[in-house]
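Chemist: Below is the structure I would like to discuss, written out as structure tokens.
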Amino acid sequence: MQFFFKALKVLIKIKKPGYLKKPDFSTSRILKDYIKLLYLFLLIFPLTACQQSKSDNQIKPLPQDSSIQVYFNHSQTSEYREPYREKIRKGDDLEQIIIDAISQANSTIDVAVQELRLPLVAQALVKKQQAGIKVRVILENNYSRAWSDFTQQELTKLSKREIDKYQDFVKFADTNEDGKLSQEEINQRDALKIIQNAKISLIDDTADGSKGSGLMHHKFIVVDNRFVIVTSANFTLSGIHGDYDNYDSLGNVNNLIKIDSVELADIFTEEFNIMWGDGVGGKFDSKFGLQKPTRDFQQVSFGNNKVTVHFSPTSPTKLWIDSSNGLIGETLKSAANSIDSALFVFSAQRLSNILETRYQQNVKIRTLLEPDFAYRFYSEGLDMMGIALSNKCKYELNNQPWQNPVSTTGVPLLTSGDLLHHKYAVVDKKIVITGSHNWTEAANKANDEAVLVIESPKVAAHYAREFERLYSNAEFGIPRRIEKKVKQQEEECGEIRVPSTFVDKGIVDINTATVEELVTLPGVGKKLAQRIVIARREKRFDSLQDLERVKGIGKKMRVKLEGRVSF
């Protein structure tokens with residue numbers, strides 16, 4: 001650097017009148033040398049400065065909690081070499097984390113995952129079974145067959161999406177690229193064939209004698225009844241690393257947590273055993289979907305963490321507040337300052353209503369949605385932006401666009417082929433809602449799912465950083481194509497009434513309904529309706545429990561009102 005300024009001074013002198021009128025030989029040579037060195041410096045300095053700047057601005061990893069470790073396959077604080085495409089890229093290697101957990105098993109490994117197509121994971125399971133470890137696997141019935149077992153006739157009956165997935169498998173397995181799959185290639189690359197050949201115990205959600213639950217959507221592993229892995233990712237290339245034939249793809253955006261807790265492992269093992277029944281024994285004693293017994297929220301504390309767990313589905317005949325969506329809703333209601341959500345799909349109206357209420361009470365709401373689902377007619381993202389799309393000139397009965405739309409709902413900009421597959425929210429920078437559970441009614445009422453609420457500022461910091469990474473490269477507001485679609489619907493369908501309350505379905509917003517609307521509720525007469533109106537003037541109602549401050553409303557009345565009121 002000192003040389004740079006010295007050379008610069010010389011060049012300034014050169015420009016002074018008369019300086020080079022009568023230069024001697026030595027002066028000219030020195031000047032030429034300075035100029036050459038200065039040019040070289042100017043070539044090197046920008047690169048050095050850039051590298052220095054990059055080093056100075058490098059994001060440092062956050063400290064991990066000793067009991068709950070958090071990972072993201074798009075993380076900017078680590079990098080790894082993908083095992084299949086041999087690509088060095090940013091991110092945590094979620095597959096290797098899974099393999100490492102499997103490799104440390106001393107007694108048991110239970111895997112419940114919608115789809116398993118990663119051969120290295122399959123090989124790790126086989127290795128542990130051969131070492132005498134008890135291995136059990138549960139899959140979703142739509143993904144429980146090895147790709148190589150499909151006949152040509154069966155392939156012709158697959159949907160276009162499934163045919164595309166099969167063709168992706170063929171490209172992946174055809175390691176010598178001769179256009180044909182040898183038995184050796186199949187045995188090395190077809191994960192379920194690897195498991196099948198090793199005779200690992202495997203069932204799917206038809207083991208209860210049914211055609212399957214709504215969806216066996218779990219994504220968890222329990223090792224030695226101590227370590228629990230819960231992730232949003234399916235065990236596939238596209239779910240973790242990226243599409244095999246799309247080199248730019250980095251995989252669907254996913255998270256994974258590894259938890260060291262015997263108490264939590266017991267809870268997940270109980271869920272696994274309910275679904276497992278006698279396993280491959282042939283009895284129809286497995287229980288999936290709504291056949292599973294109803295269980296309350298289960299909470300454990302360890303280290304500096306408190307974790308609440310609930311498994312879906314919950315029967316529509318049960319109280320909503322006791323469901324997984326109910327747990328999510330109660331956690332959102334607890335927010336005092338902020339709620340940041342990164343969601344694959346968001347279509348649960350009651351959760352949208354809760355977010356709107358918190359927004360009205362000055363809680364900062366930011367939401368990122370997967371672009372493929374963000375602008376569909378059932379998306380709550382549209383509600384948050386204050387608009388509605390109809391489906392064949394009809395709105396959903398519960399549709400309720402926000403009266404004061406937010407400008408902080410958007411979609412992340414991702415590589416083509418990659419999806420935002422998270423299902424999490426961070427509340428007040430200290431509580432995380434995560435798991436396999438999408439914020440939908442299907443997940444709540446039909447699917448096998450897990451939702452975890454983790455109270456830990458250290459864990460929340462990891463999810464908050466991931467949200468900021470996505471949020472800093474996102475698009476917000478209503479796209480022009482959606483605005484155009486709304487106008488087109490107005491022309492084609494005429495005026496379509498968007499219900500401002502839930503009266504169409506007998507559901508009433510307790511904070512805005514008129515006396516006439518309130519008396520449509522069970523057990524509510526005109527006098528009680530008037531008392532409700534007076535009470536909410538003093539303070540809004542945030543829950544059914546809040547209603548008990550109104551004379552005449554007790555526990556029995558709360559049960560009657562469950563599912564009939566919104567907040």
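Labeling convention for the structure tokens: chains A, B, ... as they appear, residues from 1 per chain, ligands from 1 in order of appearance.
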Please produce, as a Markdown table, a per-residue contact table for region 82-108 of chain A versus region 121-135 of chain A (criterion: any atom at most 6 Å away, only C-alpha atoms considered), showing the nearest atom pair and its distance in Å to one decimal, sorted by chain then residue number.

Modeler:
```
| residue | atom | partner | partner_atom | distance |
| --- | --- | --- | --- | --- |
| A:Ile99 | CA | A:Val121 | CA | 5.8 |
| A:Ser107 | CA | A:Ile133 | CA | 5.0 |
| A:Thr108 | CA | A:Lys134 | CA | 4.7 |
```

Chemist: Store the residues picked out above in a file with all heavy atoms, as a PDB file, in the first residue's frame.

Modeler:
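New file result-v4.pdb:
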```
ATOM      1  N   ILE A  99     -27.086 -39.928   7.939  1.00  0.00           N
ATOM      2  CA  ILE A  99     -26.229 -41.113   7.914  1.00  0.00           C
ATOM      3  C   ILE A  99     -25.399 -41.210   9.201  1.00  0.00           C
ATOM      4  O   ILE A  99     -25.256 -42.293   9.787  1.00  0.00           O
ATOM      5  CB  ILE A  99     -25.312 -41.084   6.673  1.00  0.00           C
ATOM      6  CG1 ILE A  99     -26.139 -41.288   5.405  1.00  0.00           C
ATOM      7  CG2 ILE A  99     -24.217 -42.146   6.776  1.00  0.00           C
ATOM      8  CD1 ILE A  99     -25.369 -41.063   4.118  1.00  0.00           C
ATOM      9  N   SER A 107     -28.529 -49.967  19.166  1.00  0.00           N
ATOM     10  CA  SER A 107     -29.597 -50.946  19.425  1.00  0.00           C
ATOM     11  C   SER A 107     -30.749 -50.860  18.431  1.00  0.00           C
ATOM     12  O   SER A 107     -31.140 -51.877  17.846  1.00  0.00           O
ATOM     13  CB  SER A 107     -30.126 -50.777  20.853  1.00  0.00           C
ATOM     14  OG  SER A 107     -30.580 -49.438  21.061  1.00  0.00           O
ATOM     15  N   THR A 108     -31.313 -49.652  18.199  1.00  0.00           N
ATOM     16  CA  THR A 108     -32.504 -49.541  17.355  1.00  0.00           C
ATOM     17  C   THR A 108     -32.466 -48.317  16.454  1.00  0.00           C
ATOM     18  O   THR A 108     -31.873 -47.289  16.802  1.00  0.00           O
ATOM     19  CB  THR A 108     -33.787 -49.449  18.219  1.00  0.00           C
ATOM     20  OG1 THR A 108     -33.697 -48.284  19.056  1.00  0.00           O
ATOM     21  CG2 THR A 108     -33.967 -50.688  19.073  1.00  0.00           C
TER      22      THR A 108
END
```

Chemist: Residues at most 7 Å from Ala529 (chain A), counting only C-alpha atoms, excluding those fewer than 4 positions away in the same chain, as a VMD selection string?

Modeler: chain A and resid 515 518 to 519 524 to 525 533

Chemist: Mind writing the picked residues with all heavy atoms as a compact mmCIF listing (two decimals), in the first residue's frame?

Modeler:
```
# COMPACT_ATOMS: atom_id res chain seq x y z
N VAL A 515 -75.07 -7.77 16.99
CA VAL A 515 -75.91 -8.50 17.95
C VAL A 515 -76.73 -9.55 17.21
O VAL A 515 -76.88 -10.69 17.66
CB VAL A 515 -76.82 -7.54 18.73
CG1 VAL A 515 -77.86 -8.32 19.55
CG2 VAL A 515 -75.98 -6.67 19.66
N LEU A 518 -74.53 -12.46 16.44
CA LEU A 518 -74.14 -13.20 17.64
C LEU A 518 -75.25 -14.13 18.13
O LEU A 518 -74.97 -15.23 18.62
CB LEU A 518 -73.75 -12.22 18.75
CG LEU A 518 -72.42 -11.47 18.54
CD1 LEU A 518 -72.26 -10.38 19.59
CD2 LEU A 518 -71.23 -12.44 18.60
N VAL A 519 -76.49 -13.73 17.98
CA VAL A 519 -77.59 -14.57 18.47
C VAL A 519 -77.79 -15.82 17.61
O VAL A 519 -78.57 -16.69 17.97
CB VAL A 519 -78.91 -13.79 18.56
CG1 VAL A 519 -78.81 -12.65 19.57
CG2 VAL A 519 -79.35 -13.27 17.20
N VAL A 524 -76.62 -18.41 22.73
CA VAL A 524 -76.45 -16.97 22.86
C VAL A 524 -77.77 -16.26 22.54
O VAL A 524 -78.26 -16.31 21.41
CB VAL A 524 -75.34 -16.44 21.92
CG1 VAL A 524 -75.22 -14.92 22.03
CG2 VAL A 524 -74.01 -17.10 22.25
N GLY A 525 -78.32 -15.63 23.58
CA GLY A 525 -79.52 -14.82 23.38
C GLY A 525 -79.15 -13.37 23.21
O GLY A 525 -77.97 -13.00 23.22
N VAL A 533 -70.75 -7.63 23.25
CA VAL A 533 -70.40 -6.39 22.55
C VAL A 533 -69.80 -5.38 23.52
O VAL A 533 -68.79 -4.72 23.22
CB VAL A 533 -71.64 -5.79 21.85
CG1 VAL A 533 -71.33 -4.41 21.30
CG2 VAL A 533 -72.11 -6.72 20.73
```

Chemist: Here is a test: counting only C-alpha atoms, which residue of A:Asn362, A:Gln188, A:Ser201, A:Gln96 is nearest to Asp278 (chain A)?

Modeler: A:Ser201

Chemist: Let me make sure I understand: among A:Ser286, A:Ser566, A:Ser238, A:Gln488, which one has the smallest atom-to-atom distance to Gln400 (chain A) if we use only C-alpha atoms?

Modeler: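 With only C-alpha atoms as the atom set, the closest residue is A:Ser566.
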
Chemist: Find the residues around Met384 (chain A) up to 8 Å (only C-alpha atoms counted), leave out those fewer than 4 positions away in its own chain, and share them as a short mmCIF file (atom, residue, chain, number, x, y, z; two decimals) with all heavy atoms, in the first residue's frame.

Modeler:
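The resulting file, around.cif, is shown below:
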```
data_model
loop_
_atom_site.label_atom_id
_atom_site.label_comp_id
_atom_site.auth_asym_id
_atom_site.auth_seq_id
_atom_site.Cartn_x
_atom_site.Cartn_y
_atom_site.Cartn_z
N SER A 352 -54.77 -17.83 9.59
CA SER A 352 -54.69 -16.52 8.96
C SER A 352 -55.44 -15.48 9.79
O SER A 352 -54.96 -14.35 9.97
CB SER A 352 -55.28 -16.57 7.55
OG SER A 352 -55.35 -15.28 6.97
N GLU A 356 -53.98 -12.09 11.50
CA GLU A 356 -54.55 -10.76 11.27
C GLU A 356 -54.83 -10.05 12.58
O GLU A 356 -54.57 -8.84 12.72
CB GLU A 356 -55.84 -10.88 10.46
CG GLU A 356 -56.45 -9.51 10.13
CD GLU A 356 -57.71 -9.59 9.31
OE1 GLU A 356 -58.37 -10.65 9.30
OE2 GLU A 356 -58.07 -8.57 8.67
N GLU A 380 -53.78 -18.53 1.84
CA GLU A 380 -53.98 -17.46 2.81
C GLU A 380 -53.03 -16.29 2.53
O GLU A 380 -53.21 -15.21 3.08
CB GLU A 380 -53.77 -17.98 4.23
CG GLU A 380 -54.75 -19.07 4.65
CD GLU A 380 -56.20 -18.69 4.39
OE1 GLU A 380 -56.56 -17.53 4.65
OE2 GLU A 380 -56.96 -19.55 3.92
N PRO A 401 -60.28 -11.94 3.21
CA PRO A 401 -59.12 -11.08 2.95
C PRO A 401 -58.93 -10.06 4.08
O PRO A 401 -59.91 -9.57 4.65
CB PRO A 401 -59.49 -10.38 1.64
CG PRO A 401 -60.48 -11.29 1.00
CD PRO A 401 -61.27 -11.89 2.13
N TRP A 402 -57.70 -9.75 4.38
CA TRP A 402 -57.42 -8.83 5.48
C TRP A 402 -57.90 -7.42 5.12
O TRP A 402 -57.71 -6.95 4.00
CB TRP A 402 -55.93 -8.78 5.77
CG TRP A 402 -55.41 -10.04 6.42
CD1 TRP A 402 -56.00 -11.28 6.42
CD2 TRP A 402 -54.19 -10.17 7.15
NE1 TRP A 402 -55.22 -12.17 7.10
CE2 TRP A 402 -54.11 -11.53 7.56
CE3 TRP A 402 -53.17 -9.30 7.49
CZ2 TRP A 402 -53.03 -12.01 8.30
CZ3 TRP A 402 -52.10 -9.77 8.23
CH2 TRP A 402 -52.03 -11.12 8.63
N PRO A 405 -54.24 -4.94 4.52
CA PRO A 405 -53.26 -5.88 3.97
C PRO A 405 -51.83 -5.55 4.41
O PRO A 405 -51.50 -4.40 4.73
CB PRO A 405 -53.42 -5.69 2.46
CG PRO A 405 -54.77 -5.09 2.27
CD PRO A 405 -54.99 -4.23 3.47
N VAL A 406 -50.98 -6.58 4.40
CA VAL A 406 -49.57 -6.38 4.74
C VAL A 406 -48.74 -6.35 3.46
O VAL A 406 -49.09 -6.98 2.46
CB VAL A 406 -49.04 -7.50 5.66
CG1 VAL A 406 -49.67 -7.42 7.03
CG2 VAL A 406 -49.27 -8.87 5.05
N THR A 409 -45.68 -9.87 2.84
CA THR A 409 -45.94 -11.25 2.41
C THR A 409 -45.37 -11.39 1.00
O THR A 409 -45.66 -10.58 0.12
CB THR A 409 -47.44 -11.55 2.39
OG1 THR A 409 -47.96 -11.48 3.72
CG2 THR A 409 -47.71 -12.95 1.84
#
```

Chemist: How close does each residue of region 188-246 of chain A get to region 421-441 of chain A, giving the shortest atom pair and distance in Å to one decimal for every residue with an atom at most 9 Å away, counting only C-alpha atoms, sorted by chain and residue number, as a Markdown table?

Modeler:
```
| residue | atom | partner | partner_atom | distance |
| --- | --- | --- | --- | --- |
| A:His217 | CA | A:Ser436 | CA | 6.8 |
| A:His218 | CA | A:Ser436 | CA | 6.0 |
| A:Lys219 | CA | A:Ser436 | CA | 6.3 |
| A:Phe220 | CA | A:Ser436 | CA | 8.6 |
| A:Val230 | CA | A:Gly435 | CA | 6.3 |
| A:Thr231 | CA | A:Gly435 | CA | 6.2 |
| A:Ser232 | CA | A:Ser436 | CA | 5.1 |
| A:Ala233 | CA | A:His421 | CA | 7.3 |
| A:Gly239 | CA | A:His421 | CA | 8.4 |
```
